[in-house]
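A.B. asks: What follows is a structure written as structure tokens; I'll ask about it next.
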Amino acid sequence: YEPSGTPQPAQQDFHAALDANGRWVSTPQYGTVWVPYASQQAGWRPYTYGHWVYTEYGWTWASDEPWGWAAYHYGRWAIVVPYGWVWVTGYVWAPAWVVWRSGGGYIGWAPIPPDYAYGTTYYSESHIQYDYWSYCQSGHMGSPHIRTVVVYGEKARPYYQRTVVVNNSRRAGGPNGGYYNAGPSRSDAARWTGRPVQQQPVSRVPRMAPPGRT
């Protein structure tokens with residue numbers, strides 16, 4: 001899948017979106033990666049400046065950041081010393097490249113690192129660090145400003161113990177796209193929040209594709 005049936009982005013599309021909002025650096029682990037200037041802000045982390053929307057593809061990240069179409073729907077995130085959070089280029093679209101946990105009144109998500117292999121119907125999270133996870137109370141799943149209610153880092157360690165893996169894999173775009181995790185079921189989210197969860201067409205969610213291709 002590509003939003004509105006448009007061709008997948010080219011490298012120049014990523015540069016157009018990202019160059020003014022971060023810097024490209026070379027790393028031994030992943031080659032050339034992008035470091036967002038936003039990461040200099042205390043407490044910044046991927047998939048927190050925006051909100052979750054339920055679409056026909058599952059839970060879909062609607063970013064408040066202008067470059068969100070690129071770094072949250074393509075590629076992967078990792079923590080690399082000394083840069084902190086970095087984005088590694090990728091060309092397969094997904095509603096969000098994250099894994100999920102739920103239980104005990106909490107919901108958690110973590111960016112999938114670049115070394116996760118394509119082609120499996122589930123993700124093992126055994127080597128995802130605590131620093132990757134963000135949690136919120138399940139009732140806040142639809143919060144329009146999720147960053148105001150998230151817990152992460154050492155404060156989130158107890159929530160990891162209270163939650164279990166959410167396995168809801170779906171096929172990503174293209175023959176070699178592998179799989180993504182669509183997140184908790186719509187019925188579970190409705191039960192947590194105490195209200196129906198409306199499904200929105202992904203075409204109405206902002207920042208799903210390069211500008212001019214929506």
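Numbering starts fresh at 1 for the residues of each chain in the structure tokens, the chains themselves are lettered A, B, ... in the order given, and ligands are numbered from 1 as they appear.
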Assign secondary structure with DSSP using the backbone only, and return the residues of region 2-214 of chain A in helix (DSSP H, G or I) as an mmCIF file with C-alpha atoms, in the first residue's frame.
C.D. replies:
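Once written, states-v2.cif looks like this:
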data_model
loop_
_atom_site.group_PDB
_atom_site.id
_atom_site.type_symbol
_atom_site.label_atom_id
_atom_site.label_comp_id
_atom_site.auth_asym_id
_atom_site.auth_seq_id
_atom_site.Cartn_x
_atom_site.Cartn_y
_atom_site.Cartn_z
ATOM 1 C CA PRO A 3 -1.338 6.457 0.359
ATOM 2 C CA SER A 4 -3.748 7.329 -2.446
ATOM 3 C CA GLY A 5 -2.036 4.749 -4.647
ATOM 4 C CA GLN A 11 15.403 9.391 -1.510
ATOM 5 C CA GLN A 12 14.950 13.005 -2.615
ATOM 6 C CA ASP A 13 11.474 13.031 -1.056
ATOM 7 C CA PHE A 14 12.974 12.124 2.295
ATOM 8 C CA HIS A 15 15.680 14.741 1.955
ATOM 9 C CA ALA A 16 13.102 17.400 1.085
ATOM 10 C CA ALA A 17 11.191 16.604 4.263
ATOM 11 C CA LEU A 18 14.056 15.965 6.647
ATOM 12 C CA ASP A 19 17.065 18.103 5.706
ATOM 13 C CA ALA A 20 15.713 21.281 7.301
ATOM 14 C CA ASN A 21 14.564 19.450 10.409
ATOM 15 C CA TYR A 37 16.617 18.517 15.816
ATOM 16 C CA ALA A 38 13.510 17.805 17.884
ATOM 17 C CA SER A 39 15.467 15.150 19.763
ATOM 18 C CA GLN A 40 17.363 17.944 21.535
ATOM 19 C CA GLY A 68 5.968 12.780 10.203
ATOM 20 C CA TRP A 69 4.827 11.229 6.903
ATOM 21 C CA ALA A 70 8.420 10.088 6.339
ATOM 22 C CA ALA A 71 9.847 9.055 9.685
ATOM 23 C CA TYR A 130 13.114 -0.236 28.088
ATOM 24 C CA ASP A 131 14.103 3.151 26.702
ATOM 25 C CA TYR A 132 12.180 2.382 23.519
ATOM 26 C CA SER A 138 -5.505 2.471 28.293
ATOM 27 C CA GLY A 139 -8.300 5.016 28.584
ATOM 28 C CA HIS A 140 -6.027 7.655 27.045
ATOM 29 C CA ILE A 146 -0.584 11.676 23.721
ATOM 30 C CA ARG A 147 2.722 13.183 24.857
ATOM 31 C CA THR A 148 0.955 14.798 27.829
ATOM 32 C CA GLY A 153 12.214 5.232 30.639
ATOM 33 C CA GLU A 154 12.734 3.938 34.159
ATOM 34 C CA LYS A 155 9.285 5.158 35.198
ATOM 35 C CA ALA A 156 7.781 2.784 32.639
ATOM 36 C CA ARG A 157 9.582 -0.319 33.889
ATOM 37 C CA PRO A 158 6.691 -1.430 36.170
ATOM 38 C CA TYR A 159 4.240 -1.182 33.263
ATOM 39 C CA TYR A 160 6.287 -3.621 31.239
ATOM 40 C CA GLN A 161 5.734 -6.210 33.947
ATOM 41 C CA ARG A 162 1.971 -5.576 33.964
ATOM 42 C CA ARG A 186 -10.934 -1.994 18.052
ATOM 43 C CA SER A 187 -13.214 -3.761 20.539
ATOM 44 C CA ASP A 188 -10.524 -3.799 23.230
ATOM 45 C CA ALA A 189 -9.870 -0.090 22.743
ATOM 46 C CA ALA A 190 -13.603 0.652 23.016
ATOM 47 C CA ARG A 191 -13.777 -1.289 26.258
ATOM 48 C CA TRP A 192 -10.780 0.578 27.697
ATOM 49 C CA THR A 193 -11.984 4.042 26.762
ATOM 50 C CA VAL A 202 -6.510 6.557 6.214
ATOM 51 C CA SER A 203 -6.920 9.101 3.410
ATOM 52 C CA ARG A 204 -8.261 11.561 6.000
#
A.B. asks: Quick one, how far is CA of Trp61 (chain A) from CA of Gln129 (chain A)?
C.D. replies: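 So the answer is 21.2 Å.
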A.B. asks: If we count only C-alpha atoms, what is near region 76-87 of chain A at a cut-off of 7 Å, once residues fewer than 2 positions away on the same chain are taken out, given as JSON, numbers by chain?
C.D. replies: {"A": [33, 34, 35, 39, 71, 74, 89, 90, 97, 111, 112, 113, 114]}
A.B. asks: Between A:Tyr72, A:Trp67, A:Trp109, A:Tyr135, which is the closest to Tyr91 (chain A) once you count only C-alpha atoms?
C.D. replies: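 Ranking A:Tyr72, A:Trp67, A:Trp109, A:Tyr135 by distance to Tyr91 (chain A), first place goes to A:Tyr72.
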A.B. asks: As a ChimeraX atom specification, please: every residue in region 130-165 of chain A that DSSP puts in strand (DSSP E or B).
C.D. replies: /A:134-137,151-152,164-165
A.B. asks: Could you jot down the CA of Ala182 (chain A) to CA of Val165 (chain A) separation for me, Å, one decimal place?
C.D. replies: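 Distance reported for this atom pair: 12.3 Å.
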A.B. asks: Using only C-alpha atoms, which protein or nucleic acid residues come within 8 Å of Ala110 (chain A)? Drop anything in the same chain fewer than 3 positions from it, and give the result as a list in words.
C.D. replies: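 Near Ala110 (chain A), the qualifying residues are Val98, Val99, Trp100, Ile128, Tyr132, Trp133 and Ser134 of chain A.
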A.B. asks: Please write the residues from the selection above to a file, keeping C-alpha atoms, as a short mmCIF file (atom, residue, chain, number, x, y, z; two decimals), in the first residue's frame.
C.D. replies:
data_model
loop_
_atom_site.label_atom_id
_atom_site.label_comp_id
_atom_site.auth_asym_id
_atom_site.auth_seq_id
_atom_site.Cartn_x
_atom_site.Cartn_y
_atom_site.Cartn_z
CA VAL A 98 5.92 -0.19 16.30
CA VAL A 99 5.25 -3.17 18.54
CA TRP A 100 2.58 -3.13 21.25
CA ILE A 128 13.93 -3.98 22.62
CA TYR A 132 12.18 2.38 23.52
CA TRP A 133 8.81 1.98 25.25
CA SER A 134 6.15 4.60 25.86
#
